[in-house]
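See below for protein12.cif, which holds mmCIF, C-alpha atoms and all ligand atoms.
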data_input
#
loop_
_atom_site.label_atom_id
_atom_site.label_comp_id
_atom_site.auth_asym_id
_atom_site.auth_seq_id
_atom_site.Cartn_x
_atom_site.Cartn_y
_atom_site.Cartn_z
CA MET A 1 -27.98 -5.13 -32.03
CA THR A 2 -26.04 -8.12 -33.35
CA ASP A 3 -25.21 -10.90 -30.93
CA LYS A 4 -22.22 -11.98 -33.05
CA PHE A 5 -18.80 -11.64 -31.50
CA ARG A 6 -15.19 -12.61 -32.18
CA ALA A 7 -13.33 -15.12 -30.05
CA LEU A 8 -10.18 -17.18 -29.87
CA ARG A 9 -11.27 -20.80 -29.51
CA VAL A 10 -9.14 -23.84 -28.78
CA SER A 11 -9.94 -27.35 -29.97
CA LYS A 12 -8.37 -30.65 -28.97
CA THR A 13 -6.26 -32.44 -31.63
CA ASP A 14 -3.82 -35.35 -31.51
CA GLN A 15 -1.01 -32.79 -31.90
CA GLY A 16 -2.23 -30.74 -28.90
CA PRO A 17 -4.52 -27.70 -28.56
CA LYS A 18 -5.33 -25.91 -31.84
CA SER A 19 -6.17 -22.18 -31.65
CA GLU A 20 -8.45 -20.48 -34.19
CA PHE A 21 -10.22 -17.14 -34.43
CA VAL A 22 -13.97 -17.61 -34.85
CA THR A 23 -17.17 -15.59 -35.02
CA LEU A 24 -19.72 -16.89 -32.53
CA THR A 25 -23.17 -15.95 -31.27
CA GLU A 26 -24.54 -15.84 -27.74
CA ALA A 27 -25.96 -19.33 -28.31
CA ASP A 28 -22.35 -20.58 -28.23
CA LEU A 29 -21.80 -19.27 -24.69
CA MET A 30 -22.17 -21.43 -21.61
CA ASP A 31 -24.70 -21.09 -18.80
CA GLY A 32 -24.62 -18.09 -16.49
CA ASP A 33 -26.79 -15.30 -15.16
CA VAL A 34 -24.70 -12.34 -16.31
CA THR A 35 -23.59 -11.48 -19.87
CA VAL A 36 -20.57 -9.19 -20.05
CA ALA A 37 -19.31 -7.11 -22.97
CA VAL A 38 -15.65 -7.98 -22.53
CA GLU A 39 -13.21 -5.10 -23.02
CA TYR A 40 -9.86 -6.46 -21.88
CA SER A 41 -8.23 -9.75 -21.00
CA THR A 42 -4.58 -10.61 -20.43
CA VAL A 43 -2.01 -13.39 -20.73
CA ASN A 44 -1.19 -15.12 -17.46
CA TYR A 45 1.24 -18.01 -17.06
CA LYS A 46 -1.73 -20.38 -16.75
CA ASP A 47 -3.14 -19.09 -20.07
CA GLY A 48 0.24 -19.89 -21.61
CA LEU A 49 0.08 -23.43 -20.24
CA ALA A 50 -3.50 -23.83 -21.53
CA LEU A 51 -2.88 -22.57 -25.06
CA THR A 52 0.39 -24.43 -25.57
CA GLY A 53 -0.90 -27.63 -23.94
CA ARG A 54 2.14 -27.65 -21.63
CA ALA A 55 -0.20 -28.60 -18.76
CA PRO A 56 -3.74 -30.04 -18.87
CA ILE A 57 -5.47 -26.77 -17.90
CA ILE A 58 -8.41 -27.01 -20.35
CA ARG A 59 -11.10 -29.45 -19.19
CA SER A 60 -13.87 -28.81 -21.73
CA TRP A 61 -13.41 -28.78 -25.52
CA PRO A 62 -13.72 -26.69 -27.62
CA LEU A 63 -13.17 -23.75 -25.25
CA ILE A 64 -12.56 -20.03 -25.28
CA PRO A 65 -9.50 -19.72 -22.99
CA GLY A 66 -8.57 -16.67 -20.90
CA ILE A 67 -8.73 -17.01 -17.11
CA ASP A 68 -9.67 -13.37 -16.56
CA PHE A 69 -11.38 -10.38 -18.14
CA SER A 70 -12.83 -6.97 -17.43
CA GLY A 71 -15.82 -5.39 -19.08
CA LYS A 72 -19.32 -3.97 -18.69
CA VAL A 73 -22.43 -5.92 -17.76
CA GLU A 74 -24.79 -6.20 -20.73
CA LYS A 75 -27.58 -8.36 -19.23
CA SER A 76 -28.08 -9.60 -15.72
CA ASP A 77 -30.44 -11.90 -13.84
CA HIS A 78 -28.23 -11.61 -10.74
CA LYS A 79 -29.36 -9.34 -7.93
CA GLU A 80 -25.97 -7.67 -7.47
CA PHE A 81 -25.43 -6.60 -11.09
CA LYS A 82 -27.17 -4.35 -13.60
CA PRO A 83 -26.34 -3.33 -17.18
CA GLY A 84 -23.43 -0.90 -17.29
CA ASP A 85 -21.69 -2.14 -14.13
CA ARG A 86 -17.91 -2.36 -14.55
CA VAL A 87 -16.75 -5.82 -13.52
CA VAL A 88 -13.69 -8.04 -13.30
CA LEU A 89 -13.46 -11.81 -13.27
CA ASN A 90 -10.47 -13.85 -12.06
CA GLY A 91 -10.45 -17.63 -12.04
CA PHE A 92 -13.36 -19.77 -10.85
CA GLY A 93 -12.46 -22.20 -13.64
CA VAL A 94 -13.13 -19.64 -16.38
CA GLY A 95 -10.74 -20.32 -19.27
CA GLU A 96 -10.38 -23.88 -17.93
CA GLY A 97 -13.84 -25.51 -17.87
CA HIS A 98 -15.99 -22.47 -18.73
CA ASN A 99 -15.60 -20.12 -21.74
CA GLY A 100 -13.21 -17.31 -20.83
CA GLY A 101 -11.85 -13.89 -21.60
CA TYR A 102 -10.45 -14.24 -25.15
CA ALA A 103 -13.74 -13.08 -26.66
CA GLN A 104 -15.81 -9.95 -27.03
CA LYS A 105 -18.58 -11.49 -24.90
CA ALA A 106 -18.76 -13.76 -21.88
CA ARG A 107 -21.62 -15.32 -19.97
CA VAL A 108 -20.76 -16.29 -16.39
CA LYS A 109 -22.21 -16.66 -12.91
CA GLY A 110 -22.66 -13.31 -11.21
CA ASP A 111 -21.20 -14.90 -8.07
CA TRP A 112 -17.85 -15.00 -9.89
CA LEU A 113 -17.79 -11.28 -10.70
CA VAL A 114 -16.43 -8.39 -8.65
CA LYS A 115 -17.42 -4.75 -9.22
CA LEU A 116 -14.36 -2.64 -9.91
CA PRO A 117 -13.53 0.23 -7.56
CA ASP A 118 -13.74 3.70 -9.20
CA ALA A 119 -9.96 4.07 -8.90
CA ILE A 120 -9.31 1.06 -11.20
CA SER A 121 -10.29 1.41 -14.88
CA ASN A 122 -11.26 -1.65 -16.92
CA GLU A 123 -7.91 -1.45 -18.70
CA GLN A 124 -5.98 -1.16 -15.43
CA ALA A 125 -7.93 -4.17 -14.11
CA MET A 126 -6.34 -6.32 -16.80
CA ALA A 127 -2.94 -4.66 -16.42
CA ILE A 128 -3.28 -6.03 -12.89
CA GLY A 129 -4.86 -9.30 -14.10
CA THR A 130 -4.90 -12.51 -12.13
CA ALA A 131 -1.14 -12.19 -11.68
CA GLY A 132 -1.45 -8.81 -9.95
CA TYR A 133 -4.49 -9.78 -7.91
CA THR A 134 -2.53 -12.84 -6.75
CA ALA A 135 0.43 -10.62 -5.83
CA MET A 136 -2.00 -8.61 -3.66
CA LEU A 137 -3.23 -11.84 -2.00
CA CYS A 138 0.40 -12.67 -1.20
CA VAL A 139 1.02 -9.24 0.31
CA LEU A 140 -2.17 -9.55 2.41
CA ALA A 141 -0.91 -12.92 3.69
CA LEU A 142 2.42 -11.38 4.73
CA GLU A 143 0.60 -8.54 6.49
CA LYS A 144 -1.74 -10.91 8.33
CA ASN A 145 1.31 -12.77 9.61
CA GLY A 146 2.96 -9.62 10.95
CA VAL A 147 5.60 -8.99 8.27
CA THR A 148 6.04 -5.24 8.76
CA PRO A 149 8.87 -3.19 7.18
CA ASP A 150 10.78 -3.02 10.50
CA LYS A 151 11.07 -6.84 10.60
CA GLY A 152 13.52 -6.92 7.67
CA ASP A 153 13.69 -7.29 3.90
CA VAL A 154 11.08 -9.00 1.71
CA LEU A 155 12.15 -11.21 -1.20
CA VAL A 156 10.20 -11.50 -4.46
CA THR A 157 11.06 -14.40 -6.78
CA GLY A 158 10.15 -14.53 -10.49
CA ALA A 159 10.63 -10.79 -10.13
CA ALA A 160 10.37 -9.67 -13.77
CA GLY A 161 7.20 -11.71 -14.35
CA GLY A 162 3.62 -10.57 -13.72
CA VAL A 163 3.16 -11.63 -10.09
CA GLY A 164 6.70 -10.49 -9.28
CA SER A 165 6.42 -7.04 -10.88
CA VAL A 166 3.16 -6.17 -9.12
CA ALA A 167 4.44 -7.59 -5.79
CA ILE A 168 7.54 -5.37 -5.96
CA ALA A 169 5.45 -2.27 -6.72
CA LEU A 170 3.05 -3.01 -3.85
CA LEU A 171 5.66 -3.93 -1.25
CA SER A 172 7.89 -0.94 -1.97
CA LYS A 173 4.91 1.45 -1.75
CA LEU A 174 4.07 -0.12 1.64
CA GLY A 175 7.58 0.75 2.88
CA HIS A 176 9.32 -2.61 2.59
CA ARG A 177 12.90 -2.99 1.42
CA VAL A 178 12.47 -5.39 -1.50
CA ILE A 179 15.01 -7.88 -2.82
CA ALA A 180 14.16 -9.03 -6.36
CA SER A 181 15.32 -12.45 -7.58
CA THR A 182 15.53 -12.67 -11.37
CA GLY A 183 17.19 -14.64 -14.14
CA ARG A 184 17.14 -11.55 -16.33
CA ALA A 185 20.05 -9.34 -15.21
CA ALA A 186 19.22 -6.97 -18.08
CA GLU A 187 15.98 -6.09 -16.27
CA ALA A 188 17.77 -4.62 -13.22
CA ASP A 189 16.79 -1.02 -14.10
CA TYR A 190 13.18 -2.09 -14.74
CA LEU A 191 13.02 -3.82 -11.34
CA LYS A 192 14.63 -0.87 -9.54
CA GLY A 193 12.11 1.42 -11.25
CA LEU A 194 9.32 -0.66 -9.71
CA GLY A 195 10.90 -0.26 -6.27
CA ALA A 196 13.41 -3.11 -5.80
CA ALA A 197 16.31 -2.04 -3.56
CA GLU A 198 18.51 -5.06 -4.38
CA ILE A 199 18.66 -7.57 -7.24
CA ILE A 200 19.90 -11.14 -6.84
CA ASP A 201 20.51 -13.77 -9.53
CA ARG A 202 17.88 -16.50 -9.38
CA ASN A 203 20.68 -19.08 -9.74
CA GLU A 204 21.54 -18.31 -6.09
CA LEU A 205 18.24 -19.99 -5.16
CA SER A 206 17.46 -22.52 -7.87
CA ALA A 207 19.83 -25.42 -7.04
CA PRO A 208 19.35 -28.04 -4.29
CA GLY A 209 20.32 -26.36 -0.98
CA LYS A 210 20.79 -26.95 2.74
CA PRO A 211 17.90 -27.34 5.23
CA LEU A 212 18.87 -24.03 6.87
CA GLY A 213 20.87 -21.08 5.56
CA LYS A 214 21.82 -17.59 6.68
CA GLU A 215 18.70 -15.64 7.74
CA ARG A 216 18.19 -13.11 4.94
CA TRP A 217 14.53 -11.98 4.69
CA ALA A 218 11.57 -11.54 7.02
CA GLY A 219 9.09 -12.34 4.28
CA ALA A 220 8.89 -13.56 0.70
CA VAL A 221 6.51 -13.75 -2.24
CA ASP A 222 7.41 -16.86 -4.23
CA ALA A 223 6.11 -17.38 -7.78
CA VAL A 224 8.64 -20.12 -8.58
CA GLY A 225 8.29 -23.18 -6.29
CA SER A 226 10.65 -26.20 -6.39
CA HIS A 227 14.26 -25.76 -5.10
CA THR A 228 13.80 -21.98 -5.14
CA LEU A 229 10.98 -22.15 -2.59
CA ALA A 230 12.94 -24.66 -0.48
CA ASN A 231 15.91 -22.26 -0.37
CA VAL A 232 13.67 -19.26 0.29
CA LEU A 233 12.24 -21.08 3.33
CA ALA A 234 15.74 -22.06 4.51
CA MET A 235 16.87 -18.40 4.45
CA THR A 236 13.77 -16.85 6.06
CA LYS A 237 14.40 -15.07 9.36
CA TYR A 238 13.12 -16.40 12.67
CA GLY A 239 9.31 -15.99 12.80
CA GLY A 240 9.07 -14.87 9.16
CA THR A 241 6.45 -15.73 6.52
CA VAL A 242 6.61 -16.93 2.92
CA ALA A 243 3.61 -16.63 0.59
CA ALA A 244 3.81 -19.34 -2.10
CA CYS A 245 1.70 -18.89 -5.22
CA GLY A 246 3.59 -20.25 -8.22
CA LEU A 247 5.43 -23.06 -9.92
CA ALA A 248 7.55 -21.41 -12.65
CA GLN A 249 10.50 -23.64 -11.70
CA GLY A 250 8.44 -26.67 -10.73
CA LEU A 251 5.52 -28.17 -8.84
CA ASP A 252 7.79 -29.98 -6.40
CA LEU A 253 8.94 -28.72 -3.00
CA PRO A 254 12.17 -30.51 -2.01
CA ALA A 255 12.40 -28.89 1.42
CA SER A 256 12.93 -29.96 5.06
CA VAL A 257 10.93 -29.12 8.18
CA ALA A 258 13.98 -27.38 9.73
CA PRO A 259 12.85 -23.77 9.02
CA PHE A 260 9.44 -24.55 10.56
CA ILE A 261 10.56 -26.33 13.72
CA LEU A 262 13.78 -24.40 14.37
CA ARG A 263 12.83 -20.89 13.20
CA GLY A 264 9.04 -20.94 13.59
CA ILE A 265 8.48 -19.67 10.08
CA THR A 266 5.10 -19.79 8.30
CA LEU A 267 4.43 -20.97 4.75
CA CYS A 268 1.16 -19.52 3.40
CA GLY A 269 -0.42 -21.13 0.35
CA ILE A 270 -2.06 -18.63 -1.99
CA ASP A 271 -4.89 -19.64 -4.32
CA SER A 272 -6.57 -17.00 -6.44
CA VAL A 273 -8.95 -19.26 -8.37
CA MET A 274 -11.44 -20.23 -5.64
CA ALA A 275 -10.72 -17.38 -3.21
CA PRO A 276 -14.01 -16.27 -1.61
CA LYS A 277 -15.67 -13.06 -2.78
CA SER A 278 -14.93 -11.18 0.45
CA VAL A 279 -11.20 -11.81 -0.07
CA ARG A 280 -11.41 -10.62 -3.70
CA ILE A 281 -13.22 -7.44 -2.69
CA GLU A 282 -10.58 -6.75 -0.04
CA ALA A 283 -7.79 -7.39 -2.59
CA TYR A 284 -9.26 -4.96 -5.16
CA LYS A 285 -9.85 -2.34 -2.47
CA ARG A 286 -6.22 -2.59 -1.45
CA LEU A 287 -5.00 -2.59 -5.08
CA ALA A 288 -6.96 0.65 -5.58
CA ALA A 289 -5.28 2.16 -2.52
CA ASP A 290 -1.76 0.71 -2.64
CA LEU A 291 -0.77 0.08 -6.25
CA ASP A 292 1.05 2.97 -7.88
CA MET A 293 -0.79 3.29 -11.21
CA LYS A 294 2.27 4.90 -12.85
CA LYS A 295 4.30 1.81 -12.00
CA LEU A 296 1.46 -0.39 -13.28
CA ALA A 297 1.57 1.48 -16.60
CA ALA A 298 5.38 1.11 -16.70
CA MET A 299 5.16 -2.67 -16.35
CA SER A 300 2.35 -3.16 -18.93
CA VAL A 301 2.23 -3.47 -22.71
CA ARG A 302 -0.86 -3.56 -24.92
CA ALA A 303 -1.74 -6.37 -27.32
CA LYS A 304 -4.62 -7.56 -29.52
CA LEU A 305 -6.53 -10.81 -29.48
CA ASP A 306 -4.53 -11.85 -32.57
CA ASP A 307 -1.31 -11.63 -30.51
CA VAL A 308 -2.46 -14.08 -27.83
CA PRO A 309 -1.22 -17.37 -29.40
CA HIS A 310 2.38 -16.12 -29.72
CA LEU A 311 2.28 -14.42 -26.30
CA ALA A 312 1.20 -17.77 -24.83
CA ASN A 313 4.42 -19.31 -26.16
CA ASP A 314 6.47 -16.37 -24.89
CA ILE A 315 5.12 -16.48 -21.33
CA VAL A 316 5.87 -20.18 -20.81
CA ALA A 317 9.36 -19.50 -22.21
CA GLY A 318 9.84 -16.83 -19.49
CA LYS A 319 10.10 -14.08 -22.14
CA VAL A 320 7.21 -11.83 -21.08
CA ARG A 321 8.20 -8.92 -18.85
CA GLY A 322 5.61 -7.60 -16.41
CA ARG A 323 2.04 -7.55 -17.67
CA VAL A 324 0.25 -7.72 -21.04
CA ILE A 325 -3.16 -6.06 -21.56
CA VAL A 326 -5.19 -7.71 -24.34
CA ASP A 327 -7.75 -5.36 -25.96
CA VAL A 328 -10.26 -7.90 -27.32
CA ASN A 329 -11.95 -5.27 -29.50
CA ALA A 330 -8.79 -3.95 -31.19
P1 LIG B 401 5.27 -14.97 -15.53
O1 LIG B 401 5.72 -15.88 -16.58
O2 LIG B 401 4.92 -13.57 -15.88
O3 LIG B 401 6.38 -14.90 -14.39
C1 LIG B 401 7.09 -16.02 -13.95
C2 LIG B 401 8.53 -15.63 -13.69
O4 LIG B 401 9.18 -16.71 -13.04
C3 LIG B 401 9.33 -15.39 -14.96
O5 LIG B 401 9.15 -14.09 -15.47
C4 LIG B 401 10.73 -15.61 -14.45
O6 LIG B 401 11.15 -14.43 -13.76
C5 LIG B 401 10.56 -16.71 -13.40
N1 LIG B 401 10.89 -18.04 -13.95
C6 LIG B 401 10.45 -18.59 -15.09
N2 LIG B 401 10.97 -19.83 -15.25
C7 LIG B 401 11.76 -20.05 -14.17
C8 LIG B 401 12.59 -21.13 -13.76
N3 LIG B 401 12.70 -22.24 -14.49
N4 LIG B 401 13.25 -21.01 -12.60
C9 LIG B 401 13.14 -19.90 -11.84
N5 LIG B 401 12.39 -18.82 -12.19
C10 LIG B 401 11.71 -18.92 -13.33
O7 LIG B 401 4.05 -15.67 -14.79
P2 LIG B 401 3.00 -15.06 -13.75
O8 LIG B 401 3.67 -13.95 -13.01
O9 LIG B 401 1.73 -14.83 -14.45
O10 LIG B 401 2.81 -16.29 -12.77
C11 LIG B 401 3.87 -16.68 -11.91
C12 LIG B 401 3.55 -18.00 -11.26
O11 LIG B 401 2.46 -17.84 -10.37
C13 LIG B 401 3.14 -19.09 -12.26
O12 LIG B 401 3.67 -20.33 -11.85
C14 LIG B 401 1.63 -19.09 -12.15
O13 LIG B 401 1.08 -20.33 -12.51
C15 LIG B 401 1.44 -18.78 -10.68
N6 LIG B 401 0.15 -18.18 -10.38
C16 LIG B 401 -0.59 -18.75 -9.39
C17 LIG B 401 -1.77 -18.23 -9.02
C18 LIG B 401 -2.49 -18.83 -7.86
O14 LIG B 401 -3.70 -18.65 -7.73
N7 LIG B 401 -1.79 -19.53 -6.98
C19 LIG B 401 -2.37 -17.10 -9.74
C20 LIG B 401 -1.48 -16.49 -10.71
C21 LIG B 401 -0.26 -17.05 -11.02
P3 LIG B 401 12.62 -13.81 -13.97
O15 LIG B 401 12.78 -13.67 -15.45
O16 LIG B 401 12.59 -12.52 -13.24
O17 LIG B 401 13.59 -14.79 -13.38
#
Would it be possible to restate this file's structure as structure tokens?
Amino acid sequence: MTDKFRALRVSKTDQGPKSEFVTLTEADLMDGDVTVAVEYSTVNYKDGLALTGRAPIIRSWPLIPGIDFSGKVEKSDHKEFKPGDRVVLNGFGVGEGHNGGYAQKARVKGDWLVKLPDAISNEQAMAIGTAGYTAMLCVLALEKNGVTPDKGDVLVTGAAGGVGSVAIALLSKLGHRVIASTGRAAEADYLKGLGAAEIIDRNELSAPGKPLGKERWAGAVDAVGSHTLANVLAMTKYGGTVAACGLAQGLDLPASVAPFILRGITLCGIDSVMAPKSVRIEAYKRLAADLDMKKLAAMSVRAKLDDVPHLANDIVAGKVRGRVIVDVNA
């Protein structure tokens, strides 16, 4: 059995990150106690930032990017894993400081891996990807804070993106009335197909706003940050909860304390990268139970490793709809 494999590797140059397709051997992989035959990866917003150099995501050069992958365990010195186990990896600095998913092989710490439930195939795991797993973490946060369908509508911002699309599918299946905020009016039918009951133009939320506005939603999943998040908070109903996971508009949060001290709302920060294993296992269990796999298929397109560099440009330009599954062996 050959230990050669194909990978997309990024090197540092004065002009920014340079991507090239290379053939490597296992000796090129980093330390870890589990070797995985990678089957699928995906393109998340963070991968786009890494490959284009739009943000300093990559901390070790040269590096195989790709913050997530699914595959089968090939070799393991970790007590929880044996050859043949189907696994998924999201985050933990993979694709940032440790070689990632844009390769046919990966060597990682077993502590970073999660065994996939039977109901989620390896391909579906990357249709979900870090974006979808993060959407699940946001929904869990709303649930833990008592946002039930009877409390009122739930808003999803960045609706036609990866986090947004999965969040809409999950929330509608759980019985919530979902309002989708998007800059892509042409995607209204797509968003309604995923379960959105109402579409609003993201321009309604993206400009500087007032400390408090009309109470419009009991909960929100925000993938956008900046003025959008400030306005989302200002329009959250008394006692409501907002799960904030993204920065597509910006890293800033030009908000006031008014919604917190006058309406008792909660702002939950969502981090997928270092989330503990118990939280990940809960998220995948719930994705297996509560994500409509037909909707997941409807929001996903397939791509090859060769497509990743141009998809990285597209995702930071806000041009990718839903989710992209990258078949690293195609
Ligand atoms: P996508 O690019 O797929 O989705 C982002 C969406 O945000 C776009 O589709 C677009 O939706 C909207 N958007 C883009 N630019 C702007 C803008 N300038 N103003 C307002 N809205 C904008 O990315 P992902 O879904 O993969 O990720 C979404 C965000 O969540 C990213 O910021 C990402 O870094 C973050 N993230 C965070 C994680 C965590 O652990 N906290 C994990 C995963 C993702 P539309 O066209 O509908 O308007």
- Pairwise distance for atom CA of A:Val316 and atom CA of A:Asp222, rounded to one decimal in Å: 17.0 Å
- Query: Separation of atom CA of A:Ile199 and atom CA of A:Ser172, in Å?
  - Reply: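 These two atoms are separated by 13.7 Å.
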Enclosing box along x, y and z for every listed atom of ligand LIG 401 (chain B), padded 8 Å each side, centre and size in Å, one decimal, as JSON:
{"center_x": 4.9, "center_y": -17.4, "center_z": -11.8, "size_x": 33.3, "size_y": 25.7, "size_z": 25.6}
- Test item: residues at most 9 Å from A:Val147, all atoms listed in the file, excluding those fewer than 6 positions along its chain, as a list in words: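 Result of the neighbour search: Ala141, Val154, Ala218, Gly219, Gly240 and Thr241 of chain A.
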Keeping only C-alpha atoms, write the selected residues to a file as a short mmCIF file (atom, residue, chain, number, x, y, z; two decimals), in the frame of the given file.
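Result written to out.cif:
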data_model
loop_
_atom_site.label_atom_id
_atom_site.label_comp_id
_atom_site.auth_asym_id
_atom_site.auth_seq_id
_atom_site.Cartn_x
_atom_site.Cartn_y
_atom_site.Cartn_z
CA ALA A 141 -0.91 -12.92 3.69
CA VAL A 154 11.08 -9.00 1.71
CA ALA A 218 11.57 -11.54 7.02
CA GLY A 219 9.09 -12.34 4.28
CA GLY A 240 9.07 -14.87 9.16
CA THR A 241 6.45 -15.73 6.52
#
- Message: Would you compute the distance between atom CA of A:Asp14 and atom CA of A:Val308? Give it in Å to one decimal.
- Response: 21.6 Å
- Message: Show me which residues are within 6 Å of ligand LIG 401 (chain B) counting all atoms listed in the file, and format the list as number ranges by chain.
- Response: A: 44-46, 130-131, 134, 158-164, 182-184, 223-224, 245-249, 270-273, 315, 318, 320
- Counting only C-alpha atoms, the option among A:Ser165, A:Asn203, A:Thr157, A:Ser41 closest to A:Gly225: A:Thr157
- With only C-alpha atoms as the basis for distance, which of A:Glu123, A:Ala243, A:Met274, A:Lys18 is at the shortest distance from A:Asn90?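 Nearest candidate to A:Asn90 out of A:Glu123, A:Ala243, A:Met274, A:Lys18: A:Met274.
Nearest residue to A:Phe5 among A:Gln104, A:Ser206, A:Ser278, A:Asn99 is A:Gln104, counting only C-alpha atoms.
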- Message: When you look at A:Asp31 with a cut-off of 12 Å (counting all atoms listed in the file), what residues show up, excluding the ones that are within fewer than 6 positions of it in the same chain? I need them as a PyMOL selection string.
- Response: chain A and resi 77+94+97-99+106-110
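Closest approach to A:Ile200 among A:Leu142, A:Val178, A:Leu267, A:Leu116 is made by A:Val178 (distances from only C-alpha atoms).
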- Counting only C-alpha atoms, note down every residue that has an atom within 12 Å of the point (8.8, -5.5, 10.9) (file coordinates), as an MDAnalysis selection string. chainID A and resid 142:143 145:154 174:177 217:219 237:241
- Message: Residues near A:Arg9, anyone? I mean within 8 Å using all atoms listed in the file, not counting same-chain ones fewer than 6 positions away, as a VMD selection string.
- Response: chain A and resid 19 to 22 62 to 65 102
With C-alpha atoms retained, write the just-selected residues as a PDB file, in the frame of the given file.
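This went into out17.pdb:
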ATOM      1  CA  SER A  19      -6.170 -22.180 -31.650  1.00  0.00           C
ATOM      2  CA  GLU A  20      -8.450 -20.480 -34.190  1.00  0.00           C
ATOM      3  CA  PHE A  21     -10.220 -17.140 -34.430  1.00  0.00           C
ATOM      4  CA  VAL A  22     -13.970 -17.610 -34.850  1.00  0.00           C
ATOM      5  CA  PRO A  62     -13.720 -26.690 -27.620  1.00  0.00           C
ATOM      6  CA  LEU A  63     -13.170 -23.750 -25.250  1.00  0.00           C
ATOM      7  CA  ILE A  64     -12.560 -20.030 -25.280  1.00  0.00           C
ATOM      8  CA  PRO A  65      -9.500 -19.720 -22.990  1.00  0.00           C
ATOM      9  CA  TYR A 102     -10.450 -14.240 -25.150  1.00  0.00           C
TER      10      TYR A 102
END
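Residue nearest A:Lys304 within the list A:Ser11, A:Thr42, A:Thr236, A:Thr25: A:Thr42 [criterion: smallest interatomic distance, only C-alpha atoms].
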- Selection: 9 Å around A:Leu140, all atoms listed in the file, excl. self and same-chain fewer than 5 positions, as a VMD selection string: chain A and resid 135 145 283 286
- Task: For each of A:Lys12, A:Leu89, A:Leu191, A:Ser70, take the minimum atom-to-atom distance to A:Ala275, counting only C-alpha atoms, then give the residue where this is smallest.
- Result: A:Leu89
- Task: Tell me, as a list in words, which residues lie within 7 Å of A:Lys82, counting all atoms listed in the file; anything in the same chain fewer than 5 positions away does not count.
- Result: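 Using all atoms listed in the file, the neighbours found are Val73, Lys75 and Ser76 of chain A.
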